[in-house]
$ cat work.cif   # mmCIF, C-alpha atoms and all ligand atoms
data_structure
#
loop_
_atom_site.group_PDB
_atom_site.id
_atom_site.type_symbol
_atom_site.label_atom_id
_atom_site.label_comp_id
_atom_site.auth_asym_id
_atom_site.auth_seq_id
_atom_site.Cartn_x
_atom_site.Cartn_y
_atom_site.Cartn_z
ATOM 1 C CA MET A 233 47.293 209.133 122.100
ATOM 2 C CA GLN A 234 49.524 207.290 119.700
ATOM 3 C CA THR A 235 50.073 208.813 116.313
ATOM 4 C CA CYS A 236 49.617 206.993 113.031
ATOM 5 C CA ALA A 237 52.801 207.006 110.985
ATOM 6 C CA LEU A 238 50.829 205.465 108.137
ATOM 7 C CA SER A 239 47.093 205.405 107.672
ATOM 8 C CA THR A 240 44.378 204.763 105.145
ATOM 9 C CA ARG A 241 40.719 205.734 105.039
ATOM 10 C CA GLN A 242 38.211 203.910 102.914
ATOM 11 C CA LEU A 243 41.011 202.702 100.698
ATOM 12 C CA ASN A 244 39.925 200.737 97.647
ATOM 13 C CA LEU A 245 42.204 199.348 94.982
ATOM 14 C CA TRP A 246 41.399 197.572 91.745
ATOM 15 C CA TYR A 247 43.745 195.696 89.430
ATOM 16 C CA GLY A 248 41.659 196.188 86.286
ATOM 17 C CA LEU A 249 38.283 194.739 87.264
ATOM 18 C CA PHE A 250 39.625 192.838 90.252
ATOM 19 C CA HIS A 251 38.776 194.537 93.548
ATOM 20 C CA ALA A 252 41.893 193.840 95.648
ATOM 21 C CA LEU A 253 41.435 196.215 98.611
ATOM 22 C CA LYS A 254 37.995 196.945 100.003
ATOM 23 C CA ASN A 255 37.246 199.949 102.236
ATOM 24 C CA VAL A 256 40.430 199.560 104.246
ATOM 25 C CA ASP A 257 40.740 201.812 107.318
ATOM 26 C CA PHE A 258 44.177 201.168 108.756
ATOM 27 C CA CYS A 259 46.666 202.813 111.079
ATOM 28 C CA VAL A 260 50.306 201.928 111.640
ATOM 29 C CA TYR A 261 51.454 203.408 114.943
ATOM 30 C CA ALA A 262 54.791 205.174 115.106
ATOM 31 C CA ASN A 263 57.734 203.386 116.733
ATOM 32 C CA ALA A 264 56.010 200.057 116.933
ATOM 33 C CA ILE A 265 55.927 196.915 114.829
ATOM 34 C CA THR A 266 52.685 196.199 113.003
ATOM 35 C CA ALA A 267 52.164 192.877 111.272
ATOM 36 C CA LEU A 268 49.773 192.143 108.434
ATOM 37 C CA ILE A 269 48.621 188.537 108.301
ATOM 38 C CA GLY A 270 46.129 186.600 106.221
ATOM 39 C CA PRO A 271 45.939 183.879 103.596
ATOM 40 C CA SER A 272 47.726 184.119 100.271
ATOM 41 C CA GLY A 273 46.124 186.574 97.885
ATOM 42 C CA CYS A 274 44.200 188.533 100.551
ATOM 43 C CA GLY A 275 45.921 191.828 99.684
ATOM 44 C CA LYS A 276 48.711 192.155 102.271
ATOM 45 C CA SER A 277 51.435 193.086 99.782
ATOM 46 C CA THR A 278 49.033 195.315 97.887
ATOM 47 C CA LEU A 279 48.263 197.298 101.043
ATOM 48 C CA LEU A 280 51.946 197.508 101.993
ATOM 49 C CA ARG A 281 52.904 198.695 98.507
ATOM 50 C CA CYS A 282 50.337 201.505 98.644
ATOM 51 C CA PHE A 283 52.469 203.280 101.239
ATOM 52 C CA ASN A 284 55.455 203.824 98.992
ATOM 53 C CA ARG A 285 53.448 204.118 95.795
ATOM 54 C CA MET A 286 54.830 200.946 94.298
ATOM 55 C CA ASN A 287 51.405 200.049 92.918
ATOM 56 C CA ASP A 288 51.527 203.180 90.783
ATOM 57 C CA LEU A 289 53.972 201.363 88.535
ATOM 58 C CA ILE A 290 51.405 198.687 87.627
ATOM 59 C CA ASP A 291 49.136 199.252 84.615
ATOM 60 C CA ASP A 292 45.390 199.319 85.179
ATOM 61 C CA VAL A 293 45.555 200.057 88.898
ATOM 62 C CA ILE A 294 42.834 202.276 90.296
ATOM 63 C CA ILE A 295 43.168 203.586 93.823
ATOM 64 C CA LYS A 296 40.374 205.398 95.669
ATOM 65 C CA GLY A 297 40.297 206.691 99.215
ATOM 66 C CA SER A 298 43.017 208.373 101.199
ATOM 67 C CA ILE A 299 46.498 207.368 102.258
ATOM 68 C CA HIS A 300 48.489 209.409 104.755
ATOM 69 C CA VAL A 301 52.175 209.194 105.591
ATOM 70 C CA GLU A 302 53.130 210.982 108.798
ATOM 71 C CA GLY A 303 49.923 212.960 108.602
ATOM 72 C CA ARG A 304 50.428 214.113 105.022
ATOM 73 C CA ASP A 305 48.306 213.093 102.078
ATOM 74 C CA LEU A 306 50.443 210.717 100.021
ATOM 75 C CA SER A 307 49.439 212.377 96.766
ATOM 76 C CA THR A 308 51.073 215.623 97.892
ATOM 77 C CA ILE A 309 54.436 214.045 98.746
ATOM 78 C CA ASP A 310 57.182 214.149 96.149
ATOM 79 C CA ILE A 311 58.289 210.624 95.219
ATOM 80 C CA ILE A 312 61.968 211.243 96.020
ATOM 81 C CA GLU A 313 61.030 212.592 99.431
ATOM 82 C CA LEU A 314 58.722 209.609 99.969
ATOM 83 C CA ARG A 315 61.508 207.154 99.089
ATOM 84 C CA ARG A 316 63.605 208.845 101.720
ATOM 85 C CA SER A 317 61.096 208.574 104.518
ATOM 86 C CA VAL A 318 59.705 205.127 103.668
ATOM 87 C CA GLY A 319 62.193 202.293 103.030
ATOM 88 C CA MET A 320 61.276 198.856 101.731
ATOM 89 C CA VAL A 321 62.739 195.376 102.189
ATOM 90 C CA PHE A 322 61.572 192.560 99.931
ATOM 91 C CA GLN A 323 60.931 188.853 100.306
ATOM 92 C CA ARG A 324 64.074 187.770 98.494
ATOM 93 C CA PRO A 325 67.223 189.576 99.527
ATOM 94 C CA ASN A 326 68.048 191.691 96.472
ATOM 95 C CA PRO A 327 71.478 193.272 96.810
ATOM 96 C CA PHE A 328 72.736 194.936 93.653
ATOM 97 C CA PRO A 329 75.504 193.066 91.803
ATOM 98 C CA PHE A 330 78.049 195.502 93.223
ATOM 99 C CA SER A 331 80.374 195.450 96.198
ATOM 100 C CA ILE A 332 79.000 195.573 99.734
ATOM 101 C CA TYR A 333 80.195 199.164 100.013
ATOM 102 C CA ASP A 334 78.640 200.258 96.726
ATOM 103 C CA ASN A 335 75.316 198.713 97.739
ATOM 104 C CA LEU A 336 75.334 200.848 100.843
ATOM 105 C CA VAL A 337 76.263 204.131 99.170
ATOM 106 C CA TYR A 338 73.866 203.716 96.247
ATOM 107 C CA GLY A 339 70.968 205.489 97.968
ATOM 108 C CA LEU A 340 73.300 208.163 99.286
ATOM 109 C CA GLN A 341 74.403 208.948 95.747
ATOM 110 C CA THR A 342 70.790 209.089 94.574
ATOM 111 C CA HIS A 343 69.942 211.538 97.312
ATOM 112 C CA GLY A 344 73.040 213.663 96.772
ATOM 113 C CA ILE A 345 74.624 213.081 100.192
ATOM 114 C CA ALA A 346 78.202 214.403 100.465
ATOM 115 C CA LYS A 347 80.799 211.714 99.726
ATOM 116 C CA LYS A 348 82.829 212.498 102.802
ATOM 117 C CA CYS A 349 79.943 211.186 104.942
ATOM 118 C CA TYR A 350 79.870 207.767 103.257
ATOM 119 C CA PRO A 351 82.371 205.873 105.433
ATOM 120 C CA ASP A 352 80.655 206.898 108.658
ATOM 121 C CA ILE A 353 77.204 206.075 107.333
ATOM 122 C CA VAL A 354 78.367 202.683 106.027
ATOM 123 C CA GLU A 355 79.832 201.823 109.409
ATOM 124 C CA ARG A 356 76.787 203.024 111.346
ATOM 125 C CA CYS A 357 74.353 201.046 109.196
ATOM 126 C CA LEU A 358 76.417 197.861 109.182
ATOM 127 C CA ARG A 359 76.676 198.121 112.962
ATOM 128 C CA ALA A 360 72.914 198.570 113.210
ATOM 129 C CA VAL A 361 72.379 195.204 111.522
ATOM 130 C CA ASP A 362 75.310 193.595 113.339
ATOM 131 C CA LEU A 363 77.395 193.039 110.198
ATOM 132 C CA TRP A 364 80.218 195.491 110.808
ATOM 133 C CA ASP A 365 82.632 193.131 112.537
ATOM 134 C CA ASP A 366 82.094 190.455 109.904
ATOM 135 C CA LEU A 367 82.337 192.700 106.885
ATOM 136 C CA LYS A 368 84.597 195.626 107.761
ATOM 137 C CA ASP A 369 87.620 194.019 106.119
ATOM 138 C CA ARG A 370 85.815 192.965 102.967
ATOM 139 C CA LEU A 371 83.627 195.920 102.093
ATOM 140 C CA HIS A 372 84.775 195.813 98.493
ATOM 141 C CA LYS A 373 83.861 192.165 97.935
ATOM 142 C CA PRO A 374 80.733 191.382 95.889
ATOM 143 C CA ALA A 375 77.530 191.512 97.933
ATOM 144 C CA LEU A 376 76.201 188.533 96.014
ATOM 145 C CA GLU A 377 78.800 186.300 97.696
ATOM 146 C CA LEU A 378 77.196 186.732 101.133
ATOM 147 C CA SER A 379 74.923 184.145 102.768
ATOM 148 C CA GLU A 380 71.175 184.696 102.292
ATOM 149 C CA GLU A 381 70.803 185.947 105.845
ATOM 150 C CA MET A 382 73.695 188.382 105.484
ATOM 151 C CA LYS A 383 72.257 189.568 102.162
ATOM 152 C CA GLN A 384 68.944 190.311 103.855
ATOM 153 C CA ARG A 385 70.732 192.142 106.678
ATOM 154 C CA LEU A 386 72.653 194.095 104.064
ATOM 155 C CA CYS A 387 69.375 195.031 102.360
ATOM 156 C CA ILE A 388 68.062 196.289 105.692
ATOM 157 C CA ALA A 389 71.321 198.228 106.232
ATOM 158 C CA ARG A 390 70.945 199.683 102.735
ATOM 159 C CA VAL A 391 67.479 200.943 103.655
ATOM 160 C CA LEU A 392 68.843 202.489 106.859
ATOM 161 C CA THR A 393 71.534 204.507 105.048
ATOM 162 C CA ILE A 394 69.027 207.069 103.854
ATOM 163 C CA GLU A 395 67.534 207.342 107.363
ATOM 164 C CA PRO A 396 63.923 206.554 106.620
ATOM 165 C CA ARG A 397 61.513 206.868 109.503
ATOM 166 C CA ILE A 398 59.310 204.044 108.296
ATOM 167 C CA ILE A 399 60.361 200.590 107.069
ATOM 168 C CA LEU A 400 58.090 198.279 105.078
ATOM 169 C CA LEU A 401 59.043 194.604 105.010
ATOM 170 C CA ASP A 402 57.248 192.127 102.761
ATOM 171 C CA GLU A 403 57.891 188.629 104.108
ATOM 172 C CA PRO A 404 61.553 189.425 104.792
ATOM 173 C CA CYS A 405 62.301 186.004 106.281
ATOM 174 C CA SER A 406 60.569 183.704 103.862
ATOM 175 C CA ALA A 407 63.843 182.824 102.083
ATOM 176 C CA LEU A 408 65.703 182.296 105.375
ATOM 177 C CA ASP A 409 66.206 179.309 107.689
ATOM 178 C CA PRO A 410 64.873 179.405 111.273
ATOM 179 C CA ILE A 411 68.112 180.641 112.850
ATOM 180 C CA ALA A 412 68.558 183.416 110.305
ATOM 181 C CA THR A 413 64.868 184.262 110.780
ATOM 182 C CA MET A 414 65.351 184.550 114.524
ATOM 183 C CA LYS A 415 68.255 186.951 114.014
ATOM 184 C CA ILE A 416 66.250 189.167 111.665
ATOM 185 C CA GLU A 417 63.378 189.181 114.181
ATOM 186 C CA GLU A 418 65.751 190.294 116.938
ATOM 187 C CA LEU A 419 67.007 193.021 114.644
ATOM 188 C CA MET A 420 63.472 194.265 113.967
ATOM 189 C CA ILE A 421 62.775 194.516 117.683
ATOM 190 C CA GLU A 422 65.950 196.600 118.117
ATOM 191 C CA LEU A 423 65.045 198.837 115.199
ATOM 192 C CA LYS A 424 61.573 199.715 116.436
ATOM 193 C CA GLU A 425 63.132 202.019 119.029
ATOM 194 C CA ARG A 426 63.903 204.377 116.204
ATOM 195 C CA TYR A 427 61.701 203.300 113.313
ATOM 196 C CA THR A 428 58.109 202.515 112.509
ATOM 197 C CA ILE A 429 57.899 199.023 111.069
ATOM 198 C CA LEU A 430 55.154 197.412 108.972
ATOM 199 C CA ILE A 431 55.775 193.763 108.181
ATOM 200 C CA VAL A 432 53.802 191.350 106.041
ATOM 201 C CA THR A 433 54.206 187.782 107.163
ATOM 202 C CA HIS A 434 52.724 184.402 106.352
ATOM 203 C CA ASN A 435 54.065 183.149 109.608
ATOM 204 C CA MET A 436 51.629 183.667 112.457
ATOM 205 C CA GLN A 437 54.201 182.709 115.058
ATOM 206 C CA GLN A 438 56.433 185.426 113.684
ATOM 207 C CA ALA A 439 53.640 187.992 113.931
ATOM 208 C CA ALA A 440 52.965 186.896 117.505
ATOM 209 C CA ARG A 441 56.668 187.066 118.418
ATOM 210 C CA VAL A 442 57.664 190.388 116.950
ATOM 211 C CA SER A 443 54.679 192.640 116.496
ATOM 212 C CA ASP A 444 52.898 195.021 118.826
ATOM 213 C CA TYR A 445 49.843 195.326 116.562
ATOM 214 C CA THR A 446 48.369 192.926 114.046
ATOM 215 C CA GLY A 447 45.981 193.375 111.167
ATOM 216 C CA PHE A 448 44.179 190.346 109.762
ATOM 217 C CA MET A 449 43.177 190.543 106.109
ATOM 218 C CA LEU A 450 40.832 188.353 104.129
ATOM 219 C CA LEU A 451 39.706 188.772 100.504
ATOM 220 C CA GLY A 452 40.831 192.388 100.344
ATOM 221 C CA GLU A 453 39.269 193.441 103.638
ATOM 222 C CA LEU A 454 41.039 194.379 106.830
ATOM 223 C CA VAL A 455 38.852 192.174 108.984
ATOM 224 C CA GLU A 456 40.378 193.038 112.319
ATOM 225 C CA PHE A 457 43.136 195.198 113.730
ATOM 226 C CA GLY A 458 44.414 195.581 117.264
ATOM 227 C CA GLU A 459 47.080 194.753 119.792
ATOM 228 C CA THR A 460 48.805 191.525 118.841
ATOM 229 C CA SER A 461 48.255 190.008 122.287
ATOM 230 C CA ARG A 462 44.501 190.484 121.936
ATOM 231 C CA ILE A 463 44.248 189.399 118.297
ATOM 232 C CA PHE A 464 45.926 186.104 119.143
ATOM 233 C CA THR A 465 44.052 185.434 122.389
ATOM 234 C CA SER A 466 40.580 186.890 121.975
ATOM 235 C CA PRO A 467 39.883 188.043 118.432
ATOM 236 C CA SER A 468 36.512 189.714 118.066
ATOM 237 C CA ASP A 469 35.758 188.457 114.549
ATOM 238 C CA GLU A 470 35.101 184.768 113.999
ATOM 239 C CA ARG A 471 37.019 184.883 110.708
ATOM 240 C CA THR A 472 40.139 185.997 112.570
ATOM 241 C CA GLU A 473 39.636 183.241 115.077
ATOM 242 C CA GLY A 474 39.190 180.703 112.282
ATOM 243 C CA TYR A 475 42.454 181.787 110.707
ATOM 244 C CA ILE A 476 44.612 181.937 113.796
ATOM 245 C CA THR A 477 43.341 178.600 115.031
ATOM 246 C CA GLY A 478 44.234 177.093 111.664
ATOM 247 C CA ARG A 479 40.732 176.364 110.392
ATOM 248 C CA PHE A 480 41.661 177.861 107.019
ATOM 249 C CA GLY A 481 44.486 179.649 105.269
HETATM 250 N N1 LIG A 501 49.856 193.270 89.412
HETATM 251 C C1 LIG A 501 48.713 192.605 89.615
HETATM 252 N N2 LIG A 501 47.788 192.500 88.641
HETATM 253 C C2 LIG A 501 46.634 191.838 88.846
HETATM 254 N N3 LIG A 501 46.293 191.246 90.015
HETATM 255 C C3 LIG A 501 47.179 191.331 91.019
HETATM 256 C C4 LIG A 501 48.431 192.004 90.883
HETATM 257 N N4 LIG A 501 49.081 191.913 92.052
HETATM 258 C C5 LIG A 501 48.300 191.204 92.875
HETATM 259 N N5 LIG A 501 47.143 190.864 92.259
HETATM 260 C C6 LIG A 501 46.018 190.106 92.858
HETATM 261 O O1 LIG A 501 45.547 190.822 93.978
HETATM 262 C C7 LIG A 501 45.261 189.957 95.070
HETATM 263 C C8 LIG A 501 46.079 190.382 96.269
HETATM 264 O O2 LIG A 501 47.462 190.155 95.972
HETATM 265 P P1 LIG A 501 48.596 190.418 97.032
HETATM 266 O O3 LIG A 501 49.863 190.115 96.355
HETATM 267 O O4 LIG A 501 48.415 191.751 97.618
HETATM 268 O O5 LIG A 501 48.244 189.317 98.126
HETATM 269 P P2 LIG A 501 49.082 188.823 99.373
HETATM 270 O O6 LIG A 501 48.140 188.808 100.535
HETATM 271 O O7 LIG A 501 50.331 189.613 99.502
HETATM 272 O O8 LIG A 501 49.409 187.306 98.967
HETATM 273 P P3 LIG A 501 50.710 186.409 99.285
HETATM 274 O O9 LIG A 501 50.552 186.021 100.718
HETATM 275 O O10 LIG A 501 50.562 185.248 98.361
HETATM 276 O O11 LIG A 501 51.926 187.244 99.028
HETATM 277 C C9 LIG A 501 45.580 188.548 94.582
HETATM 278 O O12 LIG A 501 44.390 187.956 94.162
HETATM 279 C C10 LIG A 501 46.508 188.777 93.410
HETATM 280 O O13 LIG A 501 46.359 187.758 92.451
HETATM 281 MG MG MG A 502 52.359 189.135 99.305
#

$ encode --input "work.cif" --output "structure tokens"
Amino acid sequence: MQTCALSTRQLNLWYGLFHALKNVDFCVYANAITALIGPSGCGKSTLLRCFNRMNDLIDDVIIKGSIHVEGRDLSTIDIIELRRSVGMVFQRPNPFPFSIYDNLVYGLQTHGIAKKCYPDIVERCLRAVDLWDDLKDRLHKPALELSEEMKQRLCIARVLTIEPRIILLDEPCSALDPIATMKIEELMIELKERYTILIVTHNMQQAARVSDYTGFMLLGELVEFGETSRIFTSPSDERTEGYITGRFG
């Protein structure tokens, strides 16, 4: 039996009066890539953000139902500990306006990791995203001078420094060209050996290429969830079929 690294039961979320997530039962298996797909506004980012409590920062949000991270009720997990086990990568690469090196040690400082470990961690994480050879001689240059693809790789490396076990990615390739996208997809496939990955994507081809499991959302509901190969070949819900065959969305 596979274990759920992330799961929800009867999860409902309202932004004020707007019901954005409806009775969502969801499971993200450990050490696999799960994709969330669905038309704009269906609640993909909202569901993703529940897992690291980013919605808590928004006024007027009401959340009902349960959310578990590695088998523990989210409400019992200290936020600093949660930030350490669940990393997040955003749509637009968002390096801090510091040097490459300082971007990478930022989380280590926050979590009180001993300074003497920094150089090794920086090298390990840049190697993991295949940036070490390119950047090792310019670690103290501004991160904002990198190409968009390198910035996004750097943001992934920055998440890896604190050794999360789970990585959330919200449309991480939408600001990238097809070649850069392909490289990030290859990276995700390498990372799933050691990490659990949940990715939101608008791009159905991307979901089909990289993910092991896919969830299809529509109007706040998780309409269907299962192995990606099945979802894309024989979905059981006609709404899923309508979406993947391009009838709407
Ligand atoms: N902070 C907020 N306050 C009020 N409504 C919100 C807020 N964030 C999102 N919503 C609404 O909740 C619904 C779901 O939004 P969400 O961003 O989760 O969708 P999405 O599937 O990620 O869409 P997209 O593909 O466009 O990113 C949308 O109707 C959106 O307008
Ligand atoms: Mg979104």

$ resolve_selection --input "work.cif" --expression "the PyMOL selection byres (((chain A and resi 281) around 12) and not hetatm)" --output "PyMOL selection string"
chain A and resi 238+245+253+275-280+282-290+295+299+318-322+399-402+430-432

$ closest_residue --input "work.cif" --among "A:Glu453, A:Glu395, A:Asp444, A:Asp469" --to "ligand LIG 501 (chain A)" --atoms "only C-alpha atoms and all ligand atoms"
A:Glu453

$ closest_residue --input "work.cif" --among "A:Gln323, A:Thr393, A:Ser307, A:Thr446" --to "ligand LIG 501 (chain A)" --atoms "only C-alpha atoms and all ligand atoms"
A:Gln323

$ resolve_selection --input "work.cif" --expression "the PyMOL selection byres (((chain A and resi 248) around 12) and not hetatm)" --output "list in words"
Leu245, Trp246, Tyr247, Leu249, Phe250, His251, Ala252, Ile290, Asp291, Asp292, Val293, Ile294 and Ile295 of chain A

$ closest_residue --input "work.cif" --among "A:Pro329, A:Pro351, A:Gly447, A:Pro404" --to "ligand MG 502 (chain A)" --atoms "only C-alpha atoms and all ligand atoms"
A:Pro404

$ atom_distance --input "work.cif" --atom1 "atom CA of A:Leu314" --atom2 "atom P2 of ligand LIG 501 (chain A)"
22.9 Å

$ resolve_selection --input "work.cif" --expression "the PyMOL selection byres (((chain A and resi 339) around 9) and not hetatm)" --output "PyMOL selection string"
chain A and resi 316+335-338+340-345+390-391+393-394

$ residues_around --input "work.cif" --residues "A:Tyr445" --least-positions-apart "6" --cutoff "8 Å" --atoms "all atoms listed in the file" --output "list in words"
Ala264, Ile265, Thr266, Ala267, Phe457, Gly458, Glu459, Thr460 and Ser461 of chain A

$ write_last_selection --input "work.cif" --atoms "C-alpha atoms" --output "PDB file, keeping the file's coordinate frame"
ATOM      1  CA  ALA A 264      56.010 200.057 116.933  1.00  0.00           C
ATOM      2  CA  ILE A 265      55.927 196.915 114.829  1.00  0.00           C
ATOM      3  CA  THR A 266      52.685 196.199 113.003  1.00  0.00           C
ATOM      4  CA  ALA A 267      52.164 192.877 111.272  1.00  0.00           C
ATOM      5  CA  PHE A 457      43.136 195.198 113.730  1.00  0.00           C
ATOM      6  CA  GLY A 458      44.414 195.581 117.264  1.00  0.00           C
ATOM      7  CA  GLU A 459      47.080 194.753 119.792  1.00  0.00           C
ATOM      8  CA  THR A 460      48.805 191.525 118.841  1.00  0.00           C
ATOM      9  CA  SER A 461      48.255 190.008 122.287  1.00  0.00           C
TER      10      SER A 461
END

$ atom_distance --input "work.cif" --atom1 "atom CA of A:Ala389" --atom2 "atom CA of A:Ile309"
24.3 Å

$ atom_distance --input "work.cif" --atom1 "atom CA of A:Pro396" --atom2 "atom CA of A:Lys254"
28.4 Å

$ decode --input "work.cif" --residues "stretch 391-436 of chain A" --atoms "C-alpha atoms" --output "compact mmCIF listing (two decimals), in the first residue's frame"
# COMPACT_ATOMS: atom_id res chain seq x y z
CA VAL A 391 13.79 24.94 -1.55
CA LEU A 392 16.09 21.91 -1.44
CA THR A 393 18.57 23.54 0.97
CA ILE A 394 16.28 23.00 3.93
CA GLU A 395 15.71 19.36 2.91
CA PRO A 396 11.95 19.31 2.67
CA ARG A 397 10.36 15.96 1.98
CA ILE A 398 7.52 17.45 -0.03
CA ILE A 399 7.70 20.06 -2.79
CA LEU A 400 4.70 22.04 -4.03
CA LEU A 401 5.02 23.68 -7.44
CA ASP A 402 2.39 26.08 -8.75
CA GLU A 403 2.77 26.30 -12.53
CA PRO A 404 6.57 26.42 -12.26
CA CYS A 405 7.10 26.52 -16.03
CA SER A 406 4.52 29.02 -17.11
CA ALA A 407 7.11 31.82 -17.42
CA LEU A 408 9.58 29.59 -19.28
CA ASP A 409 10.14 28.73 -22.95
CA PRO A 410 9.71 25.13 -24.18
CA ILE A 411 13.38 24.17 -23.83
CA ALA A 412 13.64 25.57 -20.31
CA THR A 413 10.35 23.83 -19.51
CA MET A 414 11.73 20.52 -20.72
CA LYS A 415 14.77 20.91 -18.47
CA ILE A 416 12.64 21.67 -15.42
CA GLU A 417 10.48 18.63 -16.21
CA GLU A 418 13.57 16.42 -16.38
CA LEU A 419 14.67 17.84 -13.06
CA MET A 420 11.31 17.03 -11.45
CA ILE A 421 11.55 13.43 -12.62
CA GLU A 422 15.02 13.17 -11.05
CA LEU A 423 13.82 14.72 -7.81
CA LYS A 424 10.91 12.35 -7.28
CA GLU A 425 13.38 9.64 -6.25
CA ARG A 426 13.82 11.53 -3.03
CA TYR A 427 10.87 13.89 -2.78
CA THR A 428 7.11 13.90 -3.00
CA ILE A 429 6.03 16.38 -5.64
CA LEU A 430 2.65 18.07 -6.16
CA ILE A 431 2.49 20.25 -9.25
CA VAL A 432 -0.28 22.48 -10.54
CA THR A 433 -0.18 22.87 -14.28
CA HIS A 434 -2.32 24.39 -16.99
CA ASN A 435 -0.47 22.30 -19.48
CA MET A 436 -2.06 18.90 -19.97
